[in-house]
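Asks: Contents are TSV, C-alpha atoms; file name upload17.tsv:
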```
chain	number	residue	atom	x	y	z
A	640	ALA	CA	-9.13	4.94	10.23
A	641	HIS	CA	-12.06	3.05	11.71
A	642	MET	CA	-11.44	0.14	14.08
A	643	SER	CA	-14.04	-2.27	15.43
A	644	GLY	CA	-13.86	-5.06	17.97
A	645	ARG	CA	-13.26	-7.69	15.32
A	646	ASP	CA	-10.13	-5.83	14.19
A	647	VAL	CA	-8.38	-6.10	17.56
A	648	LEU	CA	-7.25	-9.73	17.32
A	649	PRO	CA	-5.74	-9.54	13.81
A	650	THR	CA	-4.09	-6.22	14.67
A	651	VAL	CA	-2.48	-7.69	17.78
A	652	GLY	CA	-1.39	-10.72	15.76
A	653	ILE	CA	0.19	-8.55	13.06
A	654	LEU	CA	2.05	-6.42	15.61
A	655	ALA	CA	3.29	-9.57	17.32
A	656	GLY	CA	4.47	-10.92	13.96
A	657	ILE	CA	6.37	-7.71	13.22
A	658	ALA	CA	7.94	-7.78	16.69
A	659	PHE	CA	8.99	-11.42	16.24
A	660	ALA	CA	10.43	-10.68	12.78
A	661	SER	CA	12.47	-7.83	14.27
A	662	LEU	CA	14.33	-10.40	16.39
A	663	ARG	CA	15.58	-12.05	13.18
A	664	ASP	CA	16.20	-8.91	11.12
A	665	SER	CA	19.97	-9.13	11.19
A	666	ALA	CA	20.09	-12.90	10.63
A	667	VAL	CA	17.86	-12.68	7.52
A	668	PHE	CA	19.91	-9.87	5.99
A	669	VAL	CA	23.19	-11.72	6.62
A	670	TRP	CA	21.78	-14.91	5.08
A	671	MET	CA	20.62	-13.06	1.97
A	672	ASN	CA	24.06	-11.58	1.42
A	673	THR	CA	25.99	-14.77	2.10
A	674	HIS	CA	23.86	-17.10	-0.06
A	675	PRO	CA	23.63	-15.29	-3.42
A	676	ASN	CA	23.51	-18.50	-5.47
A	677	THR	CA	20.56	-20.15	-3.76
A	678	LEU	CA	17.36	-20.66	-5.73
A	679	ALA	CA	15.48	-18.11	-3.60
A	680	MET	CA	18.04	-15.37	-4.28
A	681	ARG	CA	18.21	-16.14	-7.98
A	682	LEU	CA	14.42	-15.89	-8.24
A	683	ILE	CA	14.35	-12.36	-6.82
A	684	ALA	CA	17.33	-11.17	-8.88
A	685	PRO	CA	15.13	-9.47	-11.55
A	686	VAL	CA	13.66	-7.07	-8.97
A	687	ARG	CA	16.96	-6.00	-7.44
A	688	ASP	CA	18.70	-2.68	-8.06
A	689	ASN	CA	21.51	-4.07	-10.21
A	690	TRP	CA	19.18	-5.80	-12.69
A	691	ARG	CA	19.38	-4.49	-16.26
A	692	LEU	CA	15.63	-3.72	-16.35
A	693	PRO	CA	13.90	-1.75	-13.56
A	694	LEU	CA	11.36	-4.46	-12.71
A	695	ASN	CA	11.01	-3.14	-9.16
A	696	GLY	CA	9.57	0.13	-10.49
A	697	ALA	CA	6.04	-0.90	-9.53
A	698	GLY	CA	6.92	0.06	-5.98
A	699	ASN	CA	7.04	3.81	-6.59
A	700	GLY	CA	4.71	6.54	-7.71
A	701	GLN	CA	6.60	7.20	-10.94
A	702	PHE	CA	5.17	3.88	-12.14
A	703	LEU	CA	1.86	3.53	-10.27
A	704	LEU	CA	0.46	7.00	-10.94
A	705	PRO	CA	0.99	6.95	-14.75
A	706	VAL	CA	-0.54	3.46	-14.89
A	707	SER	CA	-3.49	4.71	-12.85
A	708	GLY	CA	-3.84	7.67	-15.20
A	709	VAL	CA	-3.87	5.41	-18.25
A	710	LEU	CA	-6.55	3.18	-16.71
A	711	TYR	CA	-8.69	6.16	-15.73
A	712	THR	CA	-8.36	7.84	-19.13
A	713	ALA	CA	-9.13	4.60	-20.97
A	714	GLY	CA	-12.19	4.12	-18.79
A	715	ARG	CA	-13.46	7.63	-19.45
A	716	LEU	CA	-12.93	7.40	-23.20
A	717	SER	CA	-14.54	3.96	-23.46
A	718	HIS	CA	-17.28	4.74	-20.91
A	719	ASP	CA	-16.11	1.72	-18.91
A	720	ALA	CA	-16.86	2.45	-15.23
A	721	ALA	CA	-14.85	-0.54	-13.99
A	722	LEU	CA	-11.72	0.59	-15.84
A	723	ARG	CA	-12.18	4.17	-14.68
A	724	ASP	CA	-12.61	3.06	-11.07
A	725	ALA	CA	-9.51	0.86	-11.36
A	726	GLY	CA	-7.42	3.92	-12.15
A	727	LEU	CA	-8.94	5.97	-9.36
A	728	GLY	CA	-8.67	3.13	-6.84
A	729	CYS	CA	-5.03	2.37	-7.54
A	730	ALA	CA	-4.09	6.07	-7.40
A	731	ALA	CA	-6.00	6.60	-4.15
A	732	SER	CA	-4.41	3.49	-2.63
A	733	HIS	CA	-0.89	4.57	-3.56
A	734	LEU	CA	-1.33	8.17	-2.43
A	735	SER	CA	-2.85	7.07	0.88
A	736	SER	CA	0.08	4.72	1.45
A	737	ALA	CA	2.64	7.37	0.52
A	738	ALA	CA	1.06	9.99	2.79
A	739	LEU	CA	0.92	7.69	5.81
A	740	ARG	CA	4.45	6.47	5.13
A	741	ASP	CA	5.76	10.06	5.19
A	742	VAL	CA	4.04	10.64	8.54
A	743	ILE	CA	5.81	7.55	9.88
A	744	TYR	CA	9.17	8.76	8.52
A	745	PHE	CA	8.78	12.02	10.41
A	746	ALA	CA	7.80	10.10	13.55
A	747	VAL	CA	10.61	7.54	13.72
A	748	TYR	CA	14.15	7.06	12.42
A	749	ARG	CA	15.60	3.63	11.70
A	750	SER	CA	18.93	3.06	10.00
A	751	ARG	CA	18.97	0.98	6.83
A	752	PRO	CA	20.69	-2.44	6.73
A	753	HIS	CA	23.37	-1.31	4.27
A	754	ASP	CA	24.38	1.45	6.71
A	755	THR	CA	24.52	-0.54	9.95
A	756	SER	CA	24.69	-4.11	11.22
A	757	HIS	CA	22.50	-3.22	14.19
A	758	PRO	CA	18.76	-3.32	13.35
A	759	ARG	CA	17.84	-1.63	16.64
A	760	GLU	CA	19.29	1.75	15.72
A	761	ILE	CA	15.97	3.53	16.19
A	762	SER	CA	15.31	7.07	17.40
A	763	LEU	CA	12.37	9.45	17.87
A	764	PRO	CA	11.31	11.68	16.21
A	765	GLY	CA	12.23	11.08	12.58
A	766	GLY	CA	12.98	13.56	9.83
A	767	ARG	CA	14.18	13.94	6.24
A	768	ASN	CA	17.39	11.88	6.43
A	769	TRP	CA	16.74	9.29	3.70
A	770	SER	CA	19.41	6.90	5.01
A	771	ARG	CA	17.35	6.47	8.18
A	772	HIS	CA	14.00	5.79	6.54
A	773	SER	CA	14.19	2.03	6.88
A	774	PHE	CA	10.88	1.75	8.75
A	775	LEU	CA	8.70	1.02	6.91
A	776	SER	CA	9.21	-0.33	3.39
A	777	GLY	CA	7.62	2.15	0.99
A	778	HIS	CA	8.07	0.08	-2.18
A	779	ILE	CA	6.05	-2.87	-0.96
A	780	ALA	CA	3.52	-0.64	0.82
A	781	ASN	CA	2.79	1.30	-2.38
A	782	SER	CA	2.55	-1.71	-4.68
A	783	MET	CA	0.69	-3.85	-2.14
A	784	ALA	CA	-1.92	-1.12	-1.66
A	785	CYS	CA	-2.69	-1.07	-5.38
A	786	VAL	CA	-2.70	-4.87	-5.72
A	787	SER	CA	-4.86	-5.25	-2.62
A	788	TYR	CA	-7.37	-2.81	-4.08
A	789	PHE	CA	-7.52	-4.76	-7.35
A	790	SER	CA	-7.85	-8.06	-5.51
A	791	HIS	CA	-10.69	-6.90	-3.25
A	792	HIS	CA	-12.56	-4.96	-5.93
A	793	TYR	CA	-12.34	-7.28	-8.95
A	794	SER	CA	-12.33	-11.00	-9.68
A	795	LEU	CA	-9.02	-11.44	-11.50
A	796	GLY	CA	-8.58	-15.20	-11.26
A	797	ILE	CA	-5.03	-16.49	-11.59
A	798	LEU	CA	-3.78	-12.92	-12.01
A	799	GLU	CA	-4.38	-12.21	-8.29
A	800	PRO	CA	-1.77	-14.61	-6.84
A	801	ALA	CA	0.62	-13.58	-9.61
A	802	MET	CA	0.32	-9.90	-8.60
A	803	PHE	CA	0.78	-10.69	-4.90
A	804	ALA	CA	3.83	-12.82	-5.72
A	805	TYR	CA	5.27	-9.96	-7.78
A	806	VAL	CA	4.96	-7.32	-5.06
A	807	THR	CA	6.30	-9.79	-2.49
A	808	THR	CA	9.44	-10.27	-4.57
A	809	ILE	CA	9.79	-6.49	-4.77
A	810	GLY	CA	9.85	-6.40	-0.97
A	811	LEU	CA	12.37	-9.24	-0.80
A	812	GLY	CA	14.56	-7.50	-3.36
A	813	ARG	CA	14.60	-4.33	-1.27
A	814	MET	CA	15.62	-6.41	1.74
A	815	ALA	CA	18.44	-8.09	-0.18
A	816	ASP	CA	19.72	-4.71	-1.41
A	817	GLY	CA	19.91	-3.45	2.16
A	818	TRP	CA	17.15	-0.86	2.01
A	819	HIS	CA	14.86	-2.43	4.62
A	820	TRP	CA	14.89	-5.00	7.39
A	821	THR	CA	12.47	-7.93	7.42
A	822	SER	CA	10.18	-6.31	9.99
A	823	ASP	CA	10.06	-3.10	7.89
A	824	THR	CA	8.91	-5.14	4.90
A	825	ILE	CA	6.21	-7.00	6.82
A	826	ALA	CA	4.94	-3.72	8.28
A	827	GLY	CA	4.85	-2.06	4.84
A	828	ALA	CA	3.07	-5.00	3.22
A	829	THR	CA	0.47	-5.11	6.00
A	830	MET	CA	-0.20	-1.39	5.81
A	831	GLY	CA	-0.53	-1.49	2.02
A	832	PHE	CA	-2.89	-4.47	2.13
A	833	ALA	CA	-5.14	-2.75	4.68
A	834	ILE	CA	-5.21	0.51	2.71
A	835	GLY	CA	-6.12	-1.23	-0.55
A	836	LYS	CA	-8.96	-3.10	1.13
A	837	ALA	CA	-10.25	0.08	2.78
A	838	ILE	CA	-10.27	1.99	-0.52
A	839	SER	CA	-12.11	-0.89	-2.21
A	840	ASP	CA	-14.69	-1.09	0.58
A	841	ARG	CA	-15.41	2.63	0.45
A	842	GLN	CA	-15.69	2.65	-3.33
A	843	SER	CA	-18.08	-0.32	-3.23
A	844	ALA	CA	-20.18	1.35	-0.53
A	845	ARG	CA	-20.51	4.52	-2.59
A	846	ALA	CA	-21.44	2.54	-5.70
A	847	GLY	CA	-24.08	0.68	-3.71
A	848	ALA	CA	-25.51	3.92	-2.37
A	849	ARG	CA	-25.79	5.33	-5.91
A	850	ALA	CA	-27.54	2.18	-7.11
A	851	ARG	CA	-30.25	2.29	-4.45
A	852	PRO	CA	-33.47	4.11	-5.41
A	853	PRO	CA	-33.73	7.52	-3.80
A	854	THR	CA	-35.80	7.80	-0.67
A	855	PRO	CA	-39.09	9.54	-1.51
A	856	THR	CA	-39.38	13.00	-0.07
A	857	PRO	CA	-42.21	13.18	2.46
A	858	LEU	CA	-45.18	15.27	1.36
A	859	VAL	CA	-45.47	18.50	3.31
A	860	ARG	CA	-48.74	20.38	3.15
A	861	ILE	CA	-48.37	24.14	3.40
A	862	PRO	CA	-51.55	26.10	4.17
A	863	ILE	CA	-52.08	29.19	2.03
A	864	TRP	CA	-54.31	32.09	2.97
A	865	SER	CA	-55.54	34.78	0.63
A	866	PHE	CA	-57.19	38.09	1.32
A	867	ASP	CA	-59.33	40.07	-1.10
A	868	PHE	CA	-60.00	43.79	-0.73
```
Have the structure of the file written as structure tokens, please.
Replies:
Amino acid sequence: AHMSGRDVLPTVGILAGIAFASLRDSAVFVWMNTHPNTLAMRLIAPVRDNWRLPLNGAGNGQFLLPVSGVLYTAGRLSHDAALRDAGLGCAASHLSSAALRDVIYFAVYRSRPHDTSHPREISLPGGRNWSRHSFLSGHIANSMACVSYFSHHYSLGILEPAMFAYVTTIGLGRMADGWHWTSDTIAGATMGFAIGKAISDRQSARAGARARPPTPTPLVRIPIWSFDF
């Protein structure tokens, strides 16, 4: 992770936003569960756990890695560098998100909303207890990382806001099902967005370096002596 001076202000703003959201964690979860017939809740119904089709599957590796593999394979077979890089970029974004998320899970425990009505049940260090892996939301972090990579690396037109809307509903669905608090979801989305952008930036930098003409090797003159007998 590389941080410059220009990153300080947005980082502080994001942390402040997460802290503010944490003050409303319980209120948001209660509202979601007491207003099931509102338009907002009906719109996110297709990405909830009890929906007949698993439309929230884009938030886990069982979906993202096979899709990445298909894109990469199609790019290799068709000699399409953009398609190949799309597969690699999405896979790298997801795996980076998943690895960092697991580090966070071992660092901090937070009980999930469906297990407690108190969002401040937090303890250090964390561990392997899945019921206390509320912080942060892995589903939205994984999917947001891949979508962020696509958005920063390609010009996808109207497809970009559609993809961001889709992963946002995944995060909201996980909140409604009691898997994560609001602040967990914001933190996961932010982390995923940053990872996707970083992967895109590095891939673009490497492509630019390959496209530049090689620097000519300086001529070195080596004196040679010979002796005859």
Asks: Determine, counting only C-alpha atoms, which protein, DNA and RNA residues have an atom within 7 Å of an atom of A:Ala780; residues of the same chain fewer than 2 positions away are not included. Present the result as a list in words.
Replies: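 That gives Ser736, Ser776, Gly777, His778, Ser782, Met783, Ala784, Gly827, Ala828, Met830 and Gly831 of chain A.
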Asks: Need to verify the contact set: A:Ala731, 9 Å, all atoms listed in the file, exclusion of same-chain residues closer than 5 positions in sequence. Can you return it as a list in words?
Replies: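 Here the qualifying residues turn out to be Gly726, Ser736, Cys785, Gly835 and Ile838 of chain A.
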Asks: Restricting the calculation to all atoms listed in the file: of A:Phe789, A:Val747, A:Arg681, A:Leu704, which residue gets closest to A:Leu734?
Replies: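 Answer, going by the shortest atom-to-atom distance: A:Leu704.
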Asks: Counting all atoms listed in the file, figure out which residue out of A:Arg841, A:Pro705, A:Arg759, A:Ala801 gets nearest to A:Ala730.
Replies: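 Of the candidates, the smallest distance to A:Ala730 is held by A:Pro705.
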Asks: Given 6 Å on each side, where is the centre and what are the edge lengths in Å to one decimal of the axis-aligned box enclosing the listed atoms of stretch 823-837 of chain A, as lines of an AutoDock Vina configuration file?
Replies:
```
center_x = -0.1
center_y = -3.2
center_z = 3.9
size_x = 32.3
size_y = 19.5
size_z = 20.8
```
Asks: Write out as a ChimeraX atom specification which residues come within 12 Å of stretch 659-664 of chain A when counting only C-alpha atoms, dropping same-chain ones fewer than 6 positions away.
Replies: /A:652-653,670-671,751-752,755-760,773-774,814-815,817,819-826
Asks: What's the 12 Å shell around A:Asn781, counting all atoms listed in the file, without same-chain residues fewer than 6 positions away, as a ChimeraX atom specification?
Replies: /A:695-704,729-741,775,787-788,806-807,809-810,824,826-835
Asks: Mind giving me the straight-line distance from atom CA of A:Ile743 to atom CA of A:Gly765 in Å, one decimal?
Replies: 7.8 Å
Asks: How many Å separate atom CA of A:Trp818 from atom CA of A:Leu727?
Replies: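 Answer for the atom CA of A:Trp818 to atom CA of A:Leu727 separation: 29.3 Å.
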Asks: For each of A:Ala837, A:Val786, A:Leu648, A:Leu811, take the minimum atom-to-atom distance to A:Arg687, counting only C-alpha atoms, then give the residue where this is smallest.
Replies: A:Leu811
Asks: What is the distance, in Å and to one decimal place, between atom CA of A:Phe745 and atom CA of A:Ile761?
Replies: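 According to the coordinates, atom CA of A:Phe745 and atom CA of A:Ile761 are separated by 12.5 Å.
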Asks: Reconstruct N, CA, C and O atoms of stretch 677-700 of chain A; output as a PDB file, in the coordinates of the input.
Replies:
```pdb
ATOM      1  N   THR A 677      21.689 -19.281  -4.070  1.00  0.00           N
ATOM      2  CA  THR A 677      20.560 -20.150  -3.760  1.00  0.00           C
ATOM      3  C   THR A 677      19.411 -19.862  -4.711  1.00  0.00           C
ATOM      4  O   THR A 677      19.341 -18.794  -5.329  1.00  0.00           O
ATOM      5  N   LEU A 678      18.501 -20.819  -4.820  1.00  0.00           N
ATOM      6  CA  LEU A 678      17.360 -20.660  -5.730  1.00  0.00           C
ATOM      7  C   LEU A 678      16.532 -19.436  -5.347  1.00  0.00           C
ATOM      8  O   LEU A 678      16.099 -18.673  -6.230  1.00  0.00           O
ATOM      9  N   ALA A 679      16.306 -19.240  -4.053  1.00  0.00           N
ATOM     10  CA  ALA A 679      15.480 -18.110  -3.600  1.00  0.00           C
ATOM     11  C   ALA A 679      16.083 -16.778  -4.046  1.00  0.00           C
ATOM     12  O   ALA A 679      15.376 -15.885  -4.526  1.00  0.00           O
ATOM     13  N   MET A 680      17.405 -16.634  -3.915  1.00  0.00           N
ATOM     14  CA  MET A 680      18.040 -15.370  -4.280  1.00  0.00           C
ATOM     15  C   MET A 680      18.088 -15.189  -5.788  1.00  0.00           C
ATOM     16  O   MET A 680      17.992 -14.063  -6.285  1.00  0.00           O
ATOM     17  N   ARG A 681      18.221 -16.272  -6.524  1.00  0.00           N
ATOM     18  CA  ARG A 681      18.210 -16.140  -7.980  1.00  0.00           C
ATOM     19  C   ARG A 681      16.817 -15.752  -8.487  1.00  0.00           C
ATOM     20  O   ARG A 681      16.693 -15.017  -9.483  1.00  0.00           O
ATOM     21  N   LEU A 682      15.779 -16.208  -7.813  1.00  0.00           N
ATOM     22  CA  LEU A 682      14.420 -15.890  -8.240  1.00  0.00           C
ATOM     23  C   LEU A 682      14.098 -14.409  -8.065  1.00  0.00           C
ATOM     24  O   LEU A 682      13.318 -13.845  -8.837  1.00  0.00           O
ATOM     25  N   ILE A 683      14.666 -13.777  -7.052  1.00  0.00           N
ATOM     26  CA  ILE A 683      14.350 -12.360  -6.820  1.00  0.00           C
ATOM     27  C   ILE A 683      15.345 -11.433  -7.506  1.00  0.00           C
ATOM     28  O   ILE A 683      15.217 -10.206  -7.417  1.00  0.00           O
ATOM     29  N   ALA A 684      16.324 -11.996  -8.207  1.00  0.00           N
ATOM     30  CA  ALA A 684      17.330 -11.170  -8.880  1.00  0.00           C
ATOM     31  C   ALA A 684      16.725 -10.131  -9.831  1.00  0.00           C
ATOM     32  O   ALA A 684      17.199  -8.990  -9.897  1.00  0.00           O
ATOM     33  N   PRO A 685      15.668 -10.460 -10.609  1.00  0.00           N
ATOM     34  CA  PRO A 685      15.130  -9.470 -11.550  1.00  0.00           C
ATOM     35  C   PRO A 685      14.524  -8.226 -10.909  1.00  0.00           C
ATOM     36  O   PRO A 685      14.298  -7.232 -11.614  1.00  0.00           O
ATOM     37  N   VAL A 686      14.241  -8.255  -9.599  1.00  0.00           N
ATOM     38  CA  VAL A 686      13.660  -7.070  -8.970  1.00  0.00           C
ATOM     39  C   VAL A 686      14.664  -6.350  -8.073  1.00  0.00           C
ATOM     40  O   VAL A 686      14.293  -5.474  -7.291  1.00  0.00           O
ATOM     41  N   ARG A 687      15.933  -6.668  -8.221  1.00  0.00           N
ATOM     42  CA  ARG A 687      16.960  -6.000  -7.440  1.00  0.00           C
ATOM     43  C   ARG A 687      17.523  -4.804  -8.200  1.00  0.00           C
ATOM     44  O   ARG A 687      17.339  -4.663  -9.411  1.00  0.00           O
ATOM     45  N   ASP A 688      18.240  -3.947  -7.488  1.00  0.00           N
ATOM     46  CA  ASP A 688      18.700  -2.680  -8.060  1.00  0.00           C
ATOM     47  C   ASP A 688      19.672  -2.863  -9.217  1.00  0.00           C
ATOM     48  O   ASP A 688      19.703  -2.041 -10.127  1.00  0.00           O
ATOM     49  N   ASN A 689      20.473  -3.916  -9.177  1.00  0.00           N
ATOM     50  CA  ASN A 689      21.510  -4.070 -10.210  1.00  0.00           C
ATOM     51  C   ASN A 689      21.012  -4.826 -11.433  1.00  0.00           C
ATOM     52  O   ASN A 689      21.808  -5.166 -12.306  1.00  0.00           O
ATOM     53  N   TRP A 690      19.710  -5.101 -11.521  1.00  0.00           N
ATOM     54  CA  TRP A 690      19.180  -5.800 -12.690  1.00  0.00           C
ATOM     55  C   TRP A 690      19.117  -4.840 -13.871  1.00  0.00           C
ATOM     56  O   TRP A 690      18.901  -3.636 -13.696  1.00  0.00           O
ATOM     57  N   ARG A 691      19.290  -5.373 -15.074  1.00  0.00           N
ATOM     58  CA  ARG A 691      19.380  -4.490 -16.260  1.00  0.00           C
ATOM     59  C   ARG A 691      18.059  -3.809 -16.597  1.00  0.00           C
ATOM     60  O   ARG A 691      18.042  -2.790 -17.284  1.00  0.00           O
ATOM     61  N   LEU A 692      16.930  -4.357 -16.144  1.00  0.00           N
ATOM     62  CA  LEU A 692      15.630  -3.720 -16.350  1.00  0.00           C
ATOM     63  C   LEU A 692      15.034  -3.351 -14.991  1.00  0.00           C
ATOM     64  O   LEU A 692      15.124  -4.144 -14.055  1.00  0.00           O
ATOM     65  N   PRO A 693      14.431  -2.184 -14.864  1.00  0.00           N
ATOM     66  CA  PRO A 693      13.900  -1.750 -13.560  1.00  0.00           C
ATOM     67  C   PRO A 693      12.560  -2.421 -13.221  1.00  0.00           C
ATOM     68  O   PRO A 693      11.512  -1.784 -13.179  1.00  0.00           O
ATOM     69  N   LEU A 694      12.595  -3.729 -12.968  1.00  0.00           N
ATOM     70  CA  LEU A 694      11.360  -4.460 -12.710  1.00  0.00           C
ATOM     71  C   LEU A 694      10.790  -4.194 -11.320  1.00  0.00           C
ATOM     72  O   LEU A 694       9.686  -4.630 -11.013  1.00  0.00           O
ATOM     73  N   ASN A 695      11.548  -3.499 -10.481  1.00  0.00           N
ATOM     74  CA  ASN A 695      11.010  -3.140  -9.160  1.00  0.00           C
ATOM     75  C   ASN A 695      10.352  -1.763  -9.176  1.00  0.00           C
ATOM     76  O   ASN A 695      10.003  -1.218  -8.139  1.00  0.00           O
ATOM     77  N   GLY A 696      10.163  -1.209 -10.382  1.00  0.00           N
ATOM     78  CA  GLY A 696       9.570   0.130 -10.490  1.00  0.00           C
ATOM     79  C   GLY A 696       8.134   0.210 -10.037  1.00  0.00           C
ATOM     80  O   GLY A 696       7.632   1.305  -9.749  1.00  0.00           O
ATOM     81  N   ALA A 697       7.436  -0.927  -9.960  1.00  0.00           N
ATOM     82  CA  ALA A 697       6.040  -0.900  -9.530  1.00  0.00           C
ATOM     83  C   ALA A 697       5.893  -0.494  -8.072  1.00  0.00           C
ATOM     84  O   ALA A 697       4.771  -0.296  -7.599  1.00  0.00           O
ATOM     85  N   GLY A 698       7.005  -0.348  -7.374  1.00  0.00           N
ATOM     86  CA  GLY A 698       6.920   0.060  -5.980  1.00  0.00           C
ATOM     87  C   GLY A 698       6.960   1.554  -5.760  1.00  0.00           C
ATOM     88  O   GLY A 698       6.946   2.002  -4.612  1.00  0.00           O
ATOM     89  N   ASN A 699       6.997   2.359  -6.796  1.00  0.00           N
ATOM     90  CA  ASN A 699       7.040   3.810  -6.590  1.00  0.00           C
ATOM     91  C   ASN A 699       5.982   4.528  -7.425  1.00  0.00           C
ATOM     92  O   ASN A 699       5.416   3.972  -8.371  1.00  0.00           O
ATOM     93  N   GLY A 700       5.752   5.767  -7.058  1.00  0.00           N
ATOM     94  CA  GLY A 700       4.710   6.540  -7.710  1.00  0.00           C
ATOM     95  C   GLY A 700       4.990   6.879  -9.153  1.00  0.00           C
ATOM     96  O   GLY A 700       4.051   7.081  -9.937  1.00  0.00           O
TER      97      GLY A 700
END
```
